[in-house]
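Source file: protein24.cif (mmCIF, C-alpha atoms)
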```cif
data_coords
#
loop_
_atom_site.label_atom_id
_atom_site.label_comp_id
_atom_site.auth_asym_id
_atom_site.auth_seq_id
_atom_site.Cartn_x
_atom_site.Cartn_y
_atom_site.Cartn_z
CA ARG A 1430 81.24 109.06 109.44
CA VAL A 1431 80.38 111.91 107.08
CA VAL A 1432 82.31 112.43 103.83
CA LEU A 1433 82.06 115.80 102.08
CA LEU A 1434 83.60 116.82 98.75
CA VAL A 1435 84.45 120.53 98.77
CA ILE A 1436 84.95 121.94 95.27
CA GLY A 1437 86.31 125.25 94.01
CA SER A 1438 85.28 125.93 90.39
CA ASP A 1439 87.32 128.04 87.96
CA ALA A 1440 84.10 129.35 86.33
CA GLY A 1441 81.03 131.34 87.30
CA ALA A 1442 83.01 134.18 88.88
CA PRO A 1443 82.39 137.41 86.96
CA LYS A 1444 84.31 139.63 89.42
CA SER A 1445 87.36 137.47 88.73
CA GLY A 1446 86.80 137.53 84.97
CA ARG A 1447 85.56 133.93 84.88
CA GLY A 1448 82.46 133.34 82.79
CA GLY A 1449 80.18 130.35 82.50
CA THR A 1450 78.57 128.49 85.37
CA MET A 1451 80.22 127.04 88.46
CA GLU A 1452 78.89 123.58 87.66
CA GLY A 1453 80.27 123.69 84.11
CA GLY A 1454 83.79 124.73 85.06
CA ARG A 1455 86.87 122.78 86.01
CA ALA A 1456 87.41 121.91 89.66
CA ASP A 1457 90.51 123.87 90.64
CA ALA A 1458 90.24 123.07 94.35
CA LEU A 1459 89.41 119.57 95.56
CA GLN A 1460 89.19 118.76 99.25
CA LEU A 1461 87.69 115.55 100.63
CA ILE A 1462 86.61 116.03 104.24
CA VAL A 1463 86.20 112.84 106.26
CA LEU A 1464 84.63 113.51 109.66
CA ASP A 1465 84.08 111.11 112.55
CA THR A 1466 81.04 112.70 114.17
CA VAL A 1467 81.31 110.59 117.33
CA LYS A 1468 85.01 111.04 118.14
CA ARG A 1469 84.94 114.58 116.68
CA ARG A 1470 88.04 114.23 114.59
CA GLY A 1471 88.81 113.84 110.93
CA ALA A 1472 90.96 114.68 107.95
CA VAL A 1473 91.01 117.02 104.99
CA LEU A 1474 92.42 115.09 102.03
CA SER A 1475 93.78 117.57 99.48
CA PHE A 1476 93.82 116.34 95.87
CA PRO A 1477 96.05 118.14 93.31
CA ARG A 1478 93.88 119.21 90.40
CA ASP A 1479 96.27 117.82 87.74
CA SER A 1480 96.06 114.23 89.00
CA TYR A 1481 95.35 111.84 86.11
CA VAL A 1482 92.56 109.45 87.06
CA PRO A 1483 89.84 107.32 85.45
CA ILE A 1484 86.67 109.36 84.88
CA PRO A 1485 83.54 107.23 84.37
CA GLY A 1486 82.59 107.32 80.69
CA HIS A 1487 85.50 109.59 79.72
CA GLY A 1488 88.65 107.48 79.94
CA THR A 1489 91.63 108.88 81.86
CA ASN A 1490 92.02 112.62 82.26
CA LYS A 1491 92.87 115.30 84.80
CA ILE A 1492 90.59 114.95 87.80
CA ASN A 1493 89.55 118.61 87.54
CA ALA A 1494 88.00 117.93 84.11
CA ALA A 1495 85.34 115.60 85.52
CA MET A 1496 83.06 118.45 86.55
CA SER A 1497 83.27 120.11 83.13
CA PHE A 1498 82.29 116.75 81.56
CA GLY A 1499 79.31 116.00 83.80
CA GLY A 1500 78.89 118.49 86.62
CA PRO A 1501 79.39 117.85 90.35
CA ARG A 1502 77.69 114.44 90.15
CA LEU A 1503 80.30 113.06 87.77
CA LEU A 1504 83.07 114.52 89.93
CA VAL A 1505 81.56 112.77 92.96
CA SER A 1506 81.40 109.49 91.03
CA THR A 1507 85.04 109.94 89.99
CA PHE A 1508 86.11 110.41 93.60
CA GLU A 1509 84.08 107.45 94.80
CA ARG A 1510 85.70 105.19 92.20
CA LEU A 1511 89.17 106.57 92.99
CA THR A 1512 88.99 106.36 96.80
CA GLY A 1513 86.43 103.64 97.50
CA LEU A 1514 84.68 106.06 99.86
CA PRO A 1515 80.96 106.79 99.46
CA ILE A 1516 80.56 110.58 99.40
CA ASP A 1517 77.55 111.89 101.28
CA TYR A 1518 77.41 115.46 99.98
CA TYR A 1519 79.27 118.02 97.89
CA LEU A 1520 79.77 121.76 98.38
CA LEU A 1521 80.71 123.98 95.43
CA THR A 1522 81.85 127.58 95.19
CA SER A 1523 83.84 129.83 92.84
CA PHE A 1524 86.76 132.27 92.99
CA ASP A 1525 84.29 135.06 93.79
CA GLY A 1526 82.43 132.82 96.23
CA LEU A 1527 85.51 132.07 98.32
CA ALA A 1528 86.55 135.73 98.47
CA ASP A 1529 83.00 136.81 99.37
CA ILE A 1530 82.63 134.15 102.08
CA VAL A 1531 85.85 135.26 103.76
CA ASP A 1532 84.91 138.94 103.59
CA LYS A 1533 81.36 138.36 104.84
CA VAL A 1534 82.59 136.55 107.96
CA GLY A 1535 85.19 139.23 108.65
CA GLY A 1536 88.33 137.40 107.46
CA VAL A 1537 89.90 134.11 108.49
CA GLN A 1538 92.98 133.34 110.57
CA VAL A 1539 95.47 131.16 108.71
CA THR A 1540 99.02 130.10 109.58
CA VAL A 1541 100.89 130.89 106.35
CA ASP A 1542 103.63 128.25 106.21
CA MET A 1543 106.11 130.02 103.89
CA ASN A 1544 106.94 133.42 102.47
CA ILE A 1545 105.07 133.76 99.17
CA ARG A 1546 105.74 136.19 96.33
CA ASP A 1547 103.55 134.87 93.53
CA GLN A 1548 102.75 137.35 90.80
CA ALA A 1549 100.45 135.00 88.87
CA SER A 1550 98.00 134.56 91.75
CA GLY A 1551 98.58 137.91 93.44
CA ALA A 1552 99.74 136.22 96.66
CA PHE A 1553 102.27 138.34 98.57
CA LEU A 1554 102.28 136.95 102.09
CA ASP A 1555 104.85 136.53 104.86
CA LYS A 1556 105.16 133.37 106.91
CA GLY A 1557 103.25 133.34 110.19
CA ARG A 1558 99.78 133.72 111.65
CA ARG A 1559 97.79 136.04 109.40
CA LYS A 1560 94.23 137.29 109.19
CA LEU A 1561 93.37 137.03 105.51
CA ARG A 1562 90.72 139.04 103.73
CA GLY A 1563 88.79 137.60 100.82
CA ARG A 1564 91.17 138.31 97.92
CA GLN A 1565 94.18 137.36 100.05
CA ALA A 1566 92.60 134.01 100.90
CA LEU A 1567 91.81 133.43 97.23
CA ALA A 1568 95.39 134.28 96.24
CA TYR A 1569 96.79 131.93 98.91
CA ALA A 1570 94.48 129.18 97.64
CA ARG A 1571 95.66 129.71 94.04
CA ALA A 1572 99.41 130.30 94.39
CA ARG A 1573 101.55 127.48 92.98
CA LYS A 1574 104.02 128.65 90.32
CA THR A 1575 106.61 129.96 92.78
CA LEU A 1576 106.04 127.36 95.50
CA PRO A 1577 108.61 124.57 95.96
CA GLY A 1578 105.91 121.90 95.99
CA GLY A 1579 103.81 123.47 93.23
CA ASP A 1580 100.31 122.03 93.14
CA PHE A 1581 100.95 119.91 96.24
CA ASP A 1582 101.68 123.04 98.30
CA ARG A 1583 98.66 124.77 96.80
CA SER A 1584 96.37 121.86 97.70
CA ARG A 1585 97.69 121.89 101.27
CA HIS A 1586 97.11 125.64 101.54
CA GLN A 1587 93.51 125.18 100.42
CA GLY A 1588 93.02 122.73 103.28
CA GLN A 1589 94.57 125.24 105.68
CA ILE A 1590 92.01 127.84 104.63
CA LEU A 1591 89.19 125.40 105.46
CA LEU A 1592 90.67 124.83 108.92
CA GLY A 1593 91.17 128.56 109.33
CA GLY A 1594 87.50 129.02 108.55
CA LEU A 1595 86.58 126.41 111.17
CA GLY A 1596 88.63 128.19 113.84
CA THR A 1597 87.13 131.56 112.92
CA PHE A 1598 83.61 130.10 113.03
CA GLN A 1599 84.20 128.57 116.46
CA ARG A 1600 85.60 131.78 117.97
CA GLN A 1601 82.70 133.85 116.65
CA VAL A 1602 80.03 131.39 117.81
CA ALA A 1603 81.65 131.11 121.26
CA LYS A 1604 81.12 134.88 121.66
CA ASP A 1605 77.68 134.98 120.02
CA PRO A 1606 75.78 131.72 119.33
CA THR A 1607 73.51 133.48 116.81
CA ARG A 1608 76.53 133.70 114.47
CA VAL A 1609 75.70 130.12 113.42
CA MET A 1610 72.74 131.45 111.46
CA ALA A 1611 74.81 134.27 109.95
CA TRP A 1612 77.33 131.74 108.63
CA LEU A 1613 74.54 129.58 107.24
CA GLY A 1614 73.19 132.65 105.46
CA VAL A 1615 76.59 133.21 103.85
CA MET A 1616 76.66 129.56 102.80
CA ARG A 1617 73.22 129.90 101.23
CA ASP A 1618 74.40 132.89 99.16
CA GLU A 1619 77.81 131.63 98.04
CA VAL A 1620 77.75 127.81 98.00
CA ARG A 1621 75.85 125.26 95.90
CA THR A 1622 75.29 122.00 97.73
CA ASP A 1623 73.08 118.93 97.89
CA LEU A 1624 73.13 119.08 101.70
CA PRO A 1625 69.54 119.32 102.99
CA PHE A 1626 69.14 122.25 105.38
CA PRO A 1627 68.47 120.11 108.50
CA GLU A 1628 71.72 118.20 107.87
CA LEU A 1629 73.59 121.44 107.17
CA LEU A 1630 72.37 122.85 110.49
CA ARG A 1631 73.31 119.64 112.32
CA LEU A 1632 76.83 119.77 110.89
CA ALA A 1633 77.16 123.47 111.70
CA LEU A 1634 76.30 122.79 115.34
CA LEU A 1635 78.69 119.82 115.37
CA ALA A 1636 81.44 122.07 113.96
CA THR A 1637 81.31 124.18 117.10
CA ARG A 1638 82.59 121.13 119.02
CA VAL A 1639 85.21 119.69 116.65
CA PRO A 1640 88.68 121.01 117.57
CA ALA A 1641 90.76 122.10 114.59
CA SER A 1642 93.69 120.27 116.21
CA GLY A 1643 91.77 117.02 115.68
CA ILE A 1644 91.60 117.46 111.91
CA ARG A 1645 94.66 116.69 109.79
CA VAL A 1646 95.36 118.24 106.39
CA VAL A 1647 96.79 115.46 104.22
CA PRO A 1648 97.91 116.24 100.64
CA VAL A 1649 97.41 113.12 98.56
CA PRO A 1650 100.79 112.04 97.11
#
```
Can you turn what I pasted into structure tokens?
Amino acid sequence: RVVLLVIGSDAGAPKSGRGGTMEGGRADALQLIVLDTVKRRGAVLSFPRDSYVPIPGHGTNKINAAMSFGGPRLLVSTFERLTGLPIDYYLLTSFDGLADIVDKVGGVQVTVDMNIRDQASGAFLDKGRRKLRGRQALAYARARKTLPGGDFDRSRHQGQILLGGLGTFQRQVAKDPTRVMAWLGVMRDEVRTDLPFPELLRLALLATRVPASGIRVVPVP
């Protein structure tokens, strides 16, 4: 089993008007990916950012504050205490990073599960299968104020974008296996991680054989 913490920071994104560093920001997107590498199935556990939890050395606070207190390592420790799961690696990006990743790979296919008209995030999307560009994907990942489930819906949508990225990756690699290296190049440019490159490559090759239908998106209640 491999457990990955995928983090979206609200800082370190100058094109989005967000200063500071990614590591010093708050974690606005929190997805715990649990992958069974033998059975090739898993789950994306979506954690609402406003969940109040114990943060080691900092009492009880919103879970998204852990990274601003102590960087990704403290956020990982917070998740390990909360879930009882040892986390193998983290991956961190920003508002700009997500938009740039999506644009650099040519967009991602996502099944938008409701009509969205959200002025605050800039998300104006109709329900159905959609190919999202970078800023559209970012808006879908951020929209919450007009959604019936608020932050729970937003967390679920963030998980859907990850699965949409997996499906896009698989279709591209099926047509041209060298696309694996192109995606890894995008990761190098836009994502901070403690994944060693050999392990990152191993997981990328594994991802070509993990059906998206075998991965559930589960918003944590």
request  = Find the residue from A:Asp1457, A:Asp1605, A:Asp1532, A:Glu1619 that sits nearest to Thr1637 (chain A); use only C-alpha atoms when measuring.
outcome  = A:Asp1605
ask   = Any idea what's packed within 12 Å of Gln1601 (chain A), counting all atoms listed in the file, ignoring anything in its chain fewer than 3 positions away? Could you give it as a PyMOL selection string?
value = chain A and resi 1534-1538+1594-1598+1604-1612+1637
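When only C-alpha atoms are used to measure the gap to Gly1453 (chain A), the shortest distance among A:Pro1483, A:Gly1471, A:Pro1501, A:Gly1578 belongs to A:Pro1501.
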message = Could you list, as a ChimeraX atom specification, every residue matched by the PyMOL selection byres ((chain A and resi 1503) around 12) in this structure?
response = /A:1452-1453,1455-1456,1483-1487,1492-1502,1504-1510,1516,1519
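Excluding Gly1563 (chain A) itself and same-chain residues fewer than 3 positions from it, the residues having an atom within 8 Å of it are Leu1527, Ala1528, Asp1529, Ile1530, Val1531, Asp1532, Gly1536, Ala1566 and Leu1567 of chain A, counting only C-alpha atoms.
Here CA of Leu1520 (chain A) is placed at a distance of 7.4 Å from CA of Leu1433 (chain A).
Between CA of Ser1523 (chain A) and CA of Ile1644 (chain A) the interatomic distance comes to 24.0 Å.
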key: Separation of CA of Val1541 (chain A) from CA of Val1602 (chain A), in Å and rounded to one decimal   = 23.8 Å
request  = Decode the PyMOL selection byres ((chain A and resi 1547) around 8) for the given file into explicit residues and return them as a PyMOL selection string.
outcome  = chain A and resi 1545-1546+1548-1553+1572-1575
Keeping only C-alpha atoms, write the selected residues to a file as a short mmCIF file (atom, residue, chain, number, x, y, z; two decimals), in the frame of the given file.
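Once everything was written out, this is out.cif:
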```
data_model
loop_
_atom_site.label_atom_id
_atom_site.label_comp_id
_atom_site.auth_asym_id
_atom_site.auth_seq_id
_atom_site.Cartn_x
_atom_site.Cartn_y
_atom_site.Cartn_z
CA ILE A 1545 105.07 133.76 99.17
CA ARG A 1546 105.74 136.19 96.33
CA GLN A 1548 102.75 137.35 90.80
CA ALA A 1549 100.45 135.00 88.87
CA SER A 1550 98.00 134.56 91.75
CA GLY A 1551 98.58 137.91 93.44
CA ALA A 1552 99.74 136.22 96.66
CA PHE A 1553 102.27 138.34 98.57
CA ALA A 1572 99.41 130.30 94.39
CA ARG A 1573 101.55 127.48 92.98
CA LYS A 1574 104.02 128.65 90.32
CA THR A 1575 106.61 129.96 92.78
#
```
key: Result set, the PyMOL selection byres ((chain A and resi 1559) around 6) on current file, as a PyMOL selection string   = chain A and resi 1538-1539+1558+1560-1561
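The residue that comes closest to Phe1476 (chain A), out of A:Gln1599, A:Thr1522, A:Asn1544, A:Ser1584 and on the basis of only C-alpha atoms, is A:Ser1584.
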ask   = Do you know which residues are at most 10 Å from Phe1581 (chain A) counting all atoms listed in the file, after dropping those on the same chain fewer than 3 positions away, and could you put them as number ranges by chain?
value = A: 1475-1479, 1573, 1576-1578, 1584-1586, 1648-1650
key: Distance query Leu1474 (chain A) at most 8 Å, only C-alpha atoms, self and fewer than 6 positions along chain excluded, as a ChimeraX atom specification   = /A:1460-1463,1588,1646-1649
Test item: axis-aligned box, all listed atoms of region 1621-1630 of chain A, 4 Å on each side, centre and edges in Å rounded to one decimal, as JSON:
```
{"center_x": 72.2, "center_y": 121.7, "center_z": 103.2, "size_x": 15.4, "size_y": 15.1, "size_z": 22.6}
```
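Distance annotation: of A:Leu1511, A:Ala1440, A:Val1467, A:Met1543, the residue with the minimal separation from Val1482 (chain A) is A:Leu1511; atom set is only C-alpha atoms.
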Would you kindly place N, CA, C and O atoms on region 1448-1470 of chain A and return the model as a compact mmCIF listing (two decimals), in the frame of the given file?
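The file below, result_8.txt, is the result:
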```txt
# COMPACT_ATOMS: atom_id res chain seq x y z
N GLY A 1448 83.83 133.50 83.24
CA GLY A 1448 82.46 133.34 82.79
C GLY A 1448 81.93 131.94 82.99
O GLY A 1448 82.55 131.12 83.67
N GLY A 1449 80.78 131.67 82.39
CA GLY A 1449 80.18 130.35 82.50
C GLY A 1449 79.50 130.13 83.83
O GLY A 1449 79.24 131.06 84.59
N THR A 1450 79.22 128.85 84.11
CA THR A 1450 78.57 128.49 85.37
C THR A 1450 79.56 127.72 86.24
O THR A 1450 80.48 127.08 85.76
N MET A 1451 79.34 127.78 87.55
CA MET A 1451 80.22 127.04 88.46
C MET A 1451 80.21 125.56 88.13
O MET A 1451 81.25 124.91 88.08
N GLU A 1452 79.02 125.02 87.89
CA GLU A 1452 78.89 123.58 87.66
C GLU A 1452 79.55 123.14 86.36
O GLU A 1452 79.91 121.97 86.22
N GLY A 1453 79.69 124.06 85.40
CA GLY A 1453 80.27 123.69 84.11
C GLY A 1453 81.75 123.94 84.00
O GLY A 1453 82.36 123.67 82.97
N GLY A 1454 82.36 124.43 85.08
CA GLY A 1454 83.79 124.73 85.06
C GLY A 1454 84.64 123.54 85.45
O GLY A 1454 84.14 122.43 85.71
N ARG A 1455 85.94 123.78 85.50
CA ARG A 1455 86.87 122.78 86.01
C ARG A 1455 87.04 122.97 87.52
O ARG A 1455 86.92 124.08 88.03
N ALA A 1456 87.32 121.88 88.20
CA ALA A 1456 87.41 121.91 89.66
C ALA A 1456 88.86 122.20 90.07
O ALA A 1456 89.69 121.29 90.13
N ASP A 1457 89.14 123.47 90.33
CA ASP A 1457 90.51 123.87 90.64
C ASP A 1457 90.92 123.58 92.08
O ASP A 1457 92.10 123.56 92.39
N ALA A 1458 89.95 123.42 92.96
CA ALA A 1458 90.24 123.07 94.35
C ALA A 1458 89.41 121.85 94.71
O ALA A 1458 88.20 121.83 94.49
N LEU A 1459 90.07 120.84 95.27
CA LEU A 1459 89.41 119.57 95.56
C LEU A 1459 89.84 119.08 96.95
O LEU A 1459 90.97 118.67 97.15
N GLN A 1460 88.92 119.16 97.88
CA GLN A 1460 89.19 118.76 99.25
C GLN A 1460 88.13 117.75 99.69
O GLN A 1460 86.94 118.03 99.62
N LEU A 1461 88.60 116.58 100.13
CA LEU A 1461 87.69 115.55 100.63
C LEU A 1461 87.76 115.58 102.16
O LEU A 1461 88.82 115.32 102.73
N ILE A 1462 86.66 115.94 102.79
CA ILE A 1462 86.61 116.03 104.24
C ILE A 1462 85.97 114.76 104.78
O ILE A 1462 84.83 114.43 104.43
N VAL A 1463 86.70 114.06 105.62
CA VAL A 1463 86.20 112.84 106.26
C VAL A 1463 86.10 113.14 107.76
O VAL A 1463 87.10 113.43 108.41
N LEU A 1464 84.87 113.09 108.28
CA LEU A 1464 84.63 113.51 109.66
C LEU A 1464 84.00 112.39 110.47
O LEU A 1464 82.98 111.83 110.07
N ASP A 1465 84.63 112.05 111.58
CA ASP A 1465 84.08 111.11 112.55
C ASP A 1465 83.23 111.94 113.51
O ASP A 1465 83.77 112.67 114.35
N THR A 1466 81.92 111.84 113.39
CA THR A 1466 81.04 112.70 114.17
C THR A 1466 80.94 112.29 115.63
O THR A 1466 80.46 113.07 116.46
N VAL A 1467 81.36 111.06 115.95
CA VAL A 1467 81.31 110.59 117.33
C VAL A 1467 82.58 110.99 118.09
O VAL A 1467 82.54 111.60 119.16
N LYS A 1468 83.74 110.70 117.49
CA LYS A 1468 85.01 111.04 118.14
C LYS A 1468 85.43 112.48 117.88
O LYS A 1468 86.41 112.96 118.45
N ARG A 1469 84.70 113.17 116.99
CA ARG A 1469 84.94 114.58 116.68
C ARG A 1469 86.37 114.82 116.22
O ARG A 1469 87.11 115.64 116.74
N ARG A 1470 86.74 114.07 115.21
CA ARG A 1470 88.04 114.23 114.59
C ARG A 1470 87.90 113.85 113.12
O ARG A 1470 86.87 113.31 112.70
```
